[in-house]
$ cat my_file23.pdb   # PDB, C-alpha atoms
ATOM      1  CA  MET A  29      92.429 123.524 117.189
ATOM      2  CA  GLU A  30      94.701 121.536 114.885
ATOM      3  CA  GLN A  31      97.124 124.422 114.370
ATOM      4  CA  LEU A  32      97.163 125.189 118.103
ATOM      5  CA  GLU A  33      97.817 121.518 118.915
ATOM      6  CA  LYS A  34     100.980 121.598 116.791
ATOM      7  CA  VAL A  35     102.140 124.954 118.162
ATOM      8  CA  ILE A  36     101.829 123.729 121.746
ATOM      9  CA  ALA A  37     103.443 120.397 120.832
ATOM     10  CA  LYS A  38     106.473 122.198 119.400
ATOM     11  CA  ASP A  39     106.613 124.444 122.463
ATOM     12  CA  LEU A  40     106.562 121.512 124.876
ATOM     13  CA  LEU A  41     109.275 119.675 122.975
ATOM     14  CA  ARG A  42     111.475 122.769 122.688
ATOM     15  CA  ILE A  43     111.502 123.479 126.410
ATOM     16  CA  GLN A  44     111.572 119.742 127.256
ATOM     17  CA  ALA A  45     108.338 119.917 129.179
ATOM     18  CA  VAL A  46     107.497 116.777 127.226
ATOM     19  CA  PHE A  47     110.260 114.617 125.841
ATOM     20  CA  PHE A  48     110.534 111.058 124.627
ATOM     21  CA  ARG A  49     113.027 108.351 125.485
ATOM     22  CA  PRO A  50     111.658 105.155 123.930
ATOM     23  CA  ASP A  51     114.939 103.251 124.233
ATOM     24  CA  GLN A  52     115.523 104.204 127.890
ATOM     25  CA  PRO A  53     112.048 104.345 129.458
ATOM     26  CA  PHE A  54     111.208 106.147 132.666
ATOM     27  CA  THR A  55     109.486 104.360 135.531
ATOM     28  CA  TRP A  56     106.326 105.883 136.946
ATOM     29  CA  ALA A  57     105.449 105.690 140.647
ATOM     30  CA  SER A  58     102.973 102.932 139.730
ATOM     31  CA  GLY A  59     105.850 100.860 138.332
ATOM     32  CA  ILE A  60     104.748 101.302 134.716
ATOM     33  CA  LYS A  61     107.600 101.933 132.301
ATOM     34  CA  SER A  62     106.981 104.941 130.089
ATOM     35  CA  PRO A  63     108.754 106.289 126.985
ATOM     36  CA  VAL A  64     107.656 109.830 127.797
ATOM     37  CA  TYR A  65     108.322 112.315 130.573
ATOM     38  CA  CYS A  66     106.019 115.277 131.078
ATOM     39  CA  ASP A  67     106.540 118.330 133.292
ATOM     40  CA  ASN A  68     104.271 121.135 132.134
ATOM     41  CA  ARG A  69     105.345 123.332 135.049
ATOM     42  CA  LEU A  70     108.234 124.293 132.805
ATOM     43  CA  THR A  71     105.795 126.206 130.602
ATOM     44  CA  LEU A  72     105.588 128.827 133.338
ATOM     45  CA  SER A  73     109.315 129.576 133.032
ATOM     46  CA  ASP A  74     109.241 130.452 129.336
ATOM     47  CA  PRO A  75     107.292 133.685 128.643
ATOM     48  CA  ALA A  76     106.569 132.876 124.991
ATOM     49  CA  VAL A  77     105.341 129.365 125.734
ATOM     50  CA  ARG A  78     103.420 130.582 128.764
ATOM     51  CA  THR A  79     101.618 133.091 126.564
ATOM     52  CA  HIS A  80     100.684 130.396 124.031
ATOM     53  CA  VAL A  81      99.415 128.125 126.804
ATOM     54  CA  GLU A  82      97.381 130.667 128.744
ATOM     55  CA  GLU A  83      95.876 132.295 125.651
ATOM     56  CA  GLY A  84      95.139 128.807 124.351
ATOM     57  CA  LEU A  85      93.363 127.818 127.558
ATOM     58  CA  ALA A  86      91.362 131.043 127.476
ATOM     59  CA  ASP A  87      90.350 130.293 123.891
ATOM     60  CA  VAL A  88      89.288 126.764 124.845
ATOM     61  CA  VAL A  89      87.104 128.077 127.661
ATOM     62  CA  ARG A  90      85.512 130.695 125.408
ATOM     63  CA  ARG A  91      84.837 128.248 122.584
ATOM     64  CA  PHE A  92      83.835 125.097 124.419
ATOM     65  CA  TYR A  93      82.536 126.431 127.743
ATOM     66  CA  PRO A  94      81.065 129.848 126.924
ATOM     67  CA  ASP A  95      78.830 129.795 130.015
ATOM     68  CA  ALA A  96      81.764 129.502 132.443
ATOM     69  CA  GLN A  97      81.508 131.764 135.485
ATOM     70  CA  ALA A  98      84.730 130.748 137.243
ATOM     71  CA  LEU A  99      87.900 128.700 136.758
ATOM     72  CA  MET A 100      89.166 126.169 139.290
ATOM     73  CA  GLY A 101      92.743 124.913 139.180
ATOM     74  CA  THR A 102      93.940 121.507 140.255
ATOM     75  CA  SER A 103      96.492 121.396 143.046
ATOM     76  CA  THR A 104      99.255 122.118 142.509
ATOM     77  CA  ALA A 105     100.134 122.187 138.825
ATOM     78  CA  GLY A 106      96.888 123.726 137.619
ATOM     79  CA  ILE A 107      96.793 126.640 140.048
ATOM     80  CA  ALA A 108      99.076 129.058 138.193
ATOM     81  CA  HIS A 109      97.470 128.264 134.838
ATOM     82  CA  ALA A 110      93.998 128.807 136.255
ATOM     83  CA  ALA A 111      95.064 132.125 137.795
ATOM     84  CA  ILE A 112      96.639 133.510 134.618
ATOM     85  CA  THR A 113      93.823 132.300 132.367
ATOM     86  CA  ALA A 114      91.176 133.714 134.704
ATOM     87  CA  HIS A 115      93.024 137.041 134.701
ATOM     88  CA  LEU A 116      93.027 137.121 130.898
ATOM     89  CA  MET A 117      89.305 136.375 130.864
ATOM     90  CA  GLY A 118      88.282 138.591 133.763
ATOM     91  CA  LEU A 119      86.818 135.609 135.635
ATOM     92  CA  PRO A 120      86.942 134.554 139.295
ATOM     93  CA  MET A 121      89.417 131.814 140.128
ATOM     94  CA  GLY A 122      90.015 129.301 142.876
ATOM     95  CA  TYR A 123      91.630 125.920 143.311
ATOM     96  CA  VAL A 124      90.960 122.539 144.847
ATOM     97  CA  ARG A 125      93.387 121.010 147.336
ATOM     98  CA  SER A 126      94.290 117.326 147.167
ATOM     99  CA  GLY A 127      92.750 117.072 150.639
ATOM    100  CA  ALA A 128      91.070 119.327 153.165
ATOM    101  CA  LYS A 129      93.323 121.414 155.419
ATOM    102  CA  ASP A 130      93.742 120.070 158.950
ATOM    103  CA  HIS A 131      93.545 123.552 160.488
ATOM    104  CA  GLY A 132      91.619 126.806 160.245
ATOM    105  CA  ARG A 133      88.384 126.408 158.299
ATOM    106  CA  GLN A 134      89.572 123.047 156.946
ATOM    107  CA  ASN A 135      88.905 124.129 153.384
ATOM    108  CA  ARG A 136      89.464 121.866 150.441
ATOM    109  CA  ILE A 137      88.259 124.428 147.924
ATOM    110  CA  GLU A 138      90.141 127.712 148.129
ATOM    111  CA  GLY A 139      88.500 130.854 146.760
ATOM    112  CA  ARG A 140      84.810 131.701 146.696
ATOM    113  CA  LEU A 141      82.499 129.084 145.202
ATOM    114  CA  VAL A 142      78.790 129.860 144.977
ATOM    115  CA  PRO A 143      76.435 126.832 144.839
ATOM    116  CA  GLY A 144      75.177 126.443 141.290
ATOM    117  CA  GLU A 145      78.159 128.323 139.841
ATOM    118  CA  ARG A 146      79.273 127.073 136.418
ATOM    119  CA  VAL A 147      82.974 126.274 136.580
ATOM    120  CA  VAL A 148      85.719 124.892 134.350
ATOM    121  CA  VAL A 149      88.584 122.878 135.838
ATOM    122  CA  ILE A 150      92.072 123.841 134.639
ATOM    123  CA  GLU A 151      94.554 120.943 134.607
ATOM    124  CA  ASP A 152      98.098 120.662 133.278
ATOM    125  CA  LEU A 153      97.993 117.044 132.091
ATOM    126  CA  ILE A 154      95.691 114.038 132.129
ATOM    127  CA  SER A 155      96.820 110.413 132.061
ATOM    128  CA  THR A 156      94.443 107.983 133.774
ATOM    129  CA  GLY A 157      92.151 110.805 134.890
ATOM    130  CA  GLY A 158      91.995 109.837 138.553
ATOM    131  CA  SER A 159      93.277 113.039 140.160
ATOM    132  CA  VAL A 160      91.294 115.479 138.023
ATOM    133  CA  LEU A 161      88.084 113.533 138.599
ATOM    134  CA  GLU A 162      88.637 113.832 142.351
ATOM    135  CA  VAL A 163      88.671 117.601 141.820
ATOM    136  CA  VAL A 164      85.468 117.431 139.772
ATOM    137  CA  GLU A 165      83.783 115.371 142.486
ATOM    138  CA  ALA A 166      84.871 117.795 145.223
ATOM    139  CA  LEU A 167      83.409 120.710 143.268
ATOM    140  CA  ARG A 168      80.168 118.875 142.590
ATOM    141  CA  GLU A 169      79.831 118.013 146.278
ATOM    142  CA  GLU A 170      79.967 121.744 147.041
ATOM    143  CA  GLY A 171      77.205 122.463 144.546
ATOM    144  CA  ALA A 172      79.205 123.610 141.525
ATOM    145  CA  GLU A 173      78.091 122.822 138.000
ATOM    146  CA  VAL A 174      81.269 121.525 136.371
ATOM    147  CA  LEU A 175      81.081 122.299 132.662
ATOM    148  CA  GLY A 176      84.258 120.395 131.898
ATOM    149  CA  ILE A 177      88.045 120.435 131.915
ATOM    150  CA  ALA A 178      90.543 122.512 129.948
ATOM    151  CA  SER A 179      94.014 120.957 130.029
ATOM    152  CA  ILE A 180      97.376 121.495 128.413
ATOM    153  CA  PHE A 181      98.215 117.892 127.522
ATOM    154  CA  THR A 182      96.462 114.541 127.556
ATOM    155  CA  TYR A 183      97.824 111.077 126.945
ATOM    156  CA  GLY A 184      94.510 109.840 125.567
ATOM    157  CA  MET A 185      94.828 106.590 127.495
ATOM    158  CA  LYS A 186      91.852 104.254 127.341
ATOM    159  CA  LYS A 187      91.490 104.162 131.122
ATOM    160  CA  GLY A 188      91.418 107.947 131.333
ATOM    161  CA  LEU A 189      88.901 108.302 128.511
ATOM    162  CA  GLU A 190      86.630 105.703 130.070
ATOM    163  CA  ARG A 191      86.790 107.354 133.490
ATOM    164  CA  LEU A 192      85.919 110.761 132.077
ATOM    165  CA  ALA A 193      83.032 109.305 130.092
ATOM    166  CA  ALA A 194      81.681 107.427 133.121
ATOM    167  CA  ALA A 195      81.763 110.641 135.171
ATOM    168  CA  ASP A 196      80.105 112.573 132.317
ATOM    169  CA  VAL A 197      83.012 115.022 132.134
ATOM    170  CA  ARG A 198      84.318 116.611 128.953
ATOM    171  CA  ASN A 199      88.003 117.418 128.526
ATOM    172  CA  VAL A 200      89.501 119.660 125.870
ATOM    173  CA  SER A 201      93.304 119.683 125.673
ATOM    174  CA  LEU A 202      95.605 122.104 123.899
ATOM    175  CA  THR A 203      97.573 119.156 122.551
ATOM    176  CA  ASN A 204      97.849 115.413 123.041
ATOM    177  CA  PHE A 205     100.203 112.449 123.023
ATOM    178  CA  ASP A 206      99.605 111.545 119.376
ATOM    179  CA  VAL A 207     100.239 115.073 118.088
ATOM    180  CA  VAL A 208     103.399 115.529 120.159
ATOM    181  CA  ALA A 209     104.726 112.152 118.984
ATOM    182  CA  ALA A 210     104.036 113.042 115.351
ATOM    183  CA  VAL A 211     105.706 116.454 115.687
ATOM    184  CA  ALA A 212     108.687 114.843 117.423
ATOM    185  CA  ALA A 213     109.116 112.495 114.453
ATOM    186  CA  GLU A 214     108.675 115.303 111.894
ATOM    187  CA  THR A 215     111.388 117.377 113.552
ATOM    188  CA  GLY A 216     113.815 114.478 113.968
ATOM    189  CA  TYR A 217     113.484 114.397 117.742
ATOM    190  CA  ILE A 218     112.638 110.704 117.511
ATOM    191  CA  ARG A 219     112.742 108.216 114.636
ATOM    192  CA  ALA A 220     109.624 107.877 112.516
ATOM    193  CA  GLU A 221     109.490 104.159 113.300
ATOM    194  CA  ASP A 222     109.275 104.961 117.020
ATOM    195  CA  VAL A 223     105.850 106.572 116.682
ATOM    196  CA  GLN A 224     104.022 103.242 116.491
ATOM    197  CA  ARG A 225     105.910 102.047 119.567
ATOM    198  CA  LEU A 226     104.754 105.139 121.429
ATOM    199  CA  ILE A 227     101.150 104.643 120.334
ATOM    200  CA  ARG A 228     101.296 101.035 121.539
ATOM    201  CA  PHE A 229     102.352 102.307 124.948
ATOM    202  CA  ARG A 230      99.501 104.849 124.912
ATOM    203  CA  ASP A 231      96.969 102.145 124.033
ATOM    204  CA  ASN A 232      98.159  99.687 126.695
ATOM    205  CA  PRO A 233     100.732 100.994 129.223
ATOM    206  CA  SER A 234     100.964  97.621 130.993
ATOM    207  CA  ASP A 235     102.194  95.920 127.795
ATOM    208  CA  GLU A 236     105.948  96.456 127.627
ATOM    209  CA  SER A 237     106.481  94.813 124.236
ATOM    210  CA  TRP A 238     107.318  98.223 122.736
ATOM    211  CA  ILE A 239     110.531  98.410 124.803
ATOM    212  CA  GLY A 240     113.839  97.553 123.172
ATOM    213  CA  GLY A 241     113.012  98.511 119.637
ATOM    214  CA  ALA A 242     110.076  96.158 119.159
ATOM    215  CA  VAL A 243     107.732  97.277 116.381
TER     216      VAL A 243
END

$ encode --input "my_file23.pdb" --output "structure tokens"
Amino acid sequence: MEQLEKVIAKDLLRIQAVFFRPDQPFTWASGIKSPVYCDNRLTLSDPAVRTHVEEGLADVVRRFYPDAQALMGTSTAGIAHAAITAHLMGLPMGYVRSGAKDHGRQNRIEGRLVPGERVVVIEDLISTGGSVLEVVEALREEGAEVLGIASIFTYGMKKGLERLAAADVRNVSLTNFDVVAAVAAETGYIRAEDVQRLIRFRDNPSDESWIGGAV
């Protein structure tokens, strides 16, 4: 996994799906200031990166969830990745809406889900873990056995790790915040001294002491 983590990290930085701006932080919807911006949808627009990602996700499912019978994408970012990965693996695929439809059959889960079916959730990124755990809960309520999550990128935030552990859900990511930060420093994308600032943000997003060059 270590080699794959670096390959995906370089891919994400190259296409600016993940990029760092520690001296001019972004502001999340929650109001938290962040030195990193992540948009893994951009991986779909680059054929080479898309191949690395989808083959990587397929490898994760095979290695860590060998009993998987179906893949379920998160809405909306995980849908395309779940579809391509399922195609590569010859598995059924579906996805979970953020809420049930207000018309028709009022589905929340799209695609066929058989009670007792062993599924893996495909997610593009995980921060605090709230949205992906809603998907896991929806699948469990419909009788699925959720083996775990396969994701492209995770921040590794304490809150997210604790939530996943409390819900008894395993996540395996192709790469993570620490690896991307290290690769960014190695390639001169950011200064080496910025890495510790980034890790401080990862460890405690509400503490803004890392802003403004603090070390």

$ residues_around --input "my_file23.pdb" --residues "His109 (chain A)" --least-positions-apart "6" --cutoff "8 Å" --atoms "only C-alpha atoms" --output "PyMOL selection string"
chain A and resi 82+101+150-152

$ closest_residue --input "my_file23.pdb" --among "A:Val64, A:Leu99, A:Leu85, A:Val148" --to "Asp222 (chain A)" --atoms "only C-alpha atoms"
A:Val64

$ residues_around --input "my_file23.pdb" --residues "Ile60 (chain A)" --least-positions-apart "4" --cutoff "10 Å" --atoms "only C-alpha atoms" --output "list in words"
Pro53, Phe54, Thr55, Trp56, Pro233, Ser234, Asp235 and Glu236 of chain A

$ resolve_selection --input "my_file23.pdb" --expression "the PyMOL selection byres ((chain A and resi 125) around 6)" --output "list in words"
Ser103, Val124, Ser126, Gly127 and Arg136 of chain A

$ atom_distance --input "my_file23.pdb" --atom1 "CA of Gly118 (chain A)" --atom2 "CA of Gln97 (chain A)"
9.8 Å

$ atom_distance --input "my_file23.pdb" --atom1 "CA of Ala37 (chain A)" --atom2 "CA of Ala110 (chain A)"
19.9 Å

$ resolve_selection --input "my_file23.pdb" --expression "the PyMOL selection byres ((chain A and resi 205-209) around 12)" --output "count of residues only"
60

$ atom_distance --input "my_file23.pdb" --atom1 "CA of Gly171 (chain A)" --atom2 "CA of Ala195 (chain A)"
15.8 Å

$ closest_residue --input "my_file23.pdb" --among "A:Thr156, A:Arg91, A:Glu165, A:Tyr123" --to "Ser58 (chain A)" --atoms "all atoms listed in the file"
A:Thr156

$ closest_residue --input "my_file23.pdb" --among "A:Val142, A:Val77, A:Met121, A:Ala86" --to "Ala178 (chain A)" --atoms "all atoms listed in the file"
A:Ala86

$ axis_aligned_box --input "my_file23.pdb" --around "region 91-102 of chain A" --padding-each-side "6 Å" --output "AutoDock Vina command-line options"
--center_x 86.4 --center_y 126.6 --center_z 131.4 --size_x 27.1 --size_y 22.3 --size_z 29.7

$ resolve_selection --input "my_file23.pdb" --expression "the PyMOL selection byres ((chain A and resi 95) around 12)" --output "NGL selection string"
:A and (89-94 or 96-99 or 119 or 145-148 or 173-176)

$ residues_around --input "my_file23.pdb" --residues "Leu192 (chain A)" --least-positions-apart "4" --cutoff "9 Å" --atoms "only C-alpha atoms" --output "PDB file with C-alpha atoms, in the frame of the given file"
ATOM      1  CA  GLY A 157      92.151 110.805 134.890  1.00  0.00           C
ATOM      2  CA  GLY A 158      91.995 109.837 138.553  1.00  0.00           C
ATOM      3  CA  LEU A 161      88.084 113.533 138.599  1.00  0.00           C
ATOM      4  CA  LYS A 187      91.490 104.162 131.122  1.00  0.00           C
ATOM      5  CA  GLY A 188      91.418 107.947 131.333  1.00  0.00           C
ATOM      6  CA  ASP A 196      80.105 112.573 132.317  1.00  0.00           C
ATOM      7  CA  VAL A 197      83.012 115.022 132.134  1.00  0.00           C
ATOM      8  CA  ARG A 198      84.318 116.611 128.953  1.00  0.00           C
ATOM      9  CA  ASN A 199      88.003 117.418 128.526  1.00  0.00           C
TER      10      ASN A 199
END

$ closest_residue --input "my_file23.pdb" --among "A:Leu70, A:Ala193, A:Met100, A:Ile107" --to "Ala172 (chain A)" --atoms "only C-alpha atoms"
A:Met100
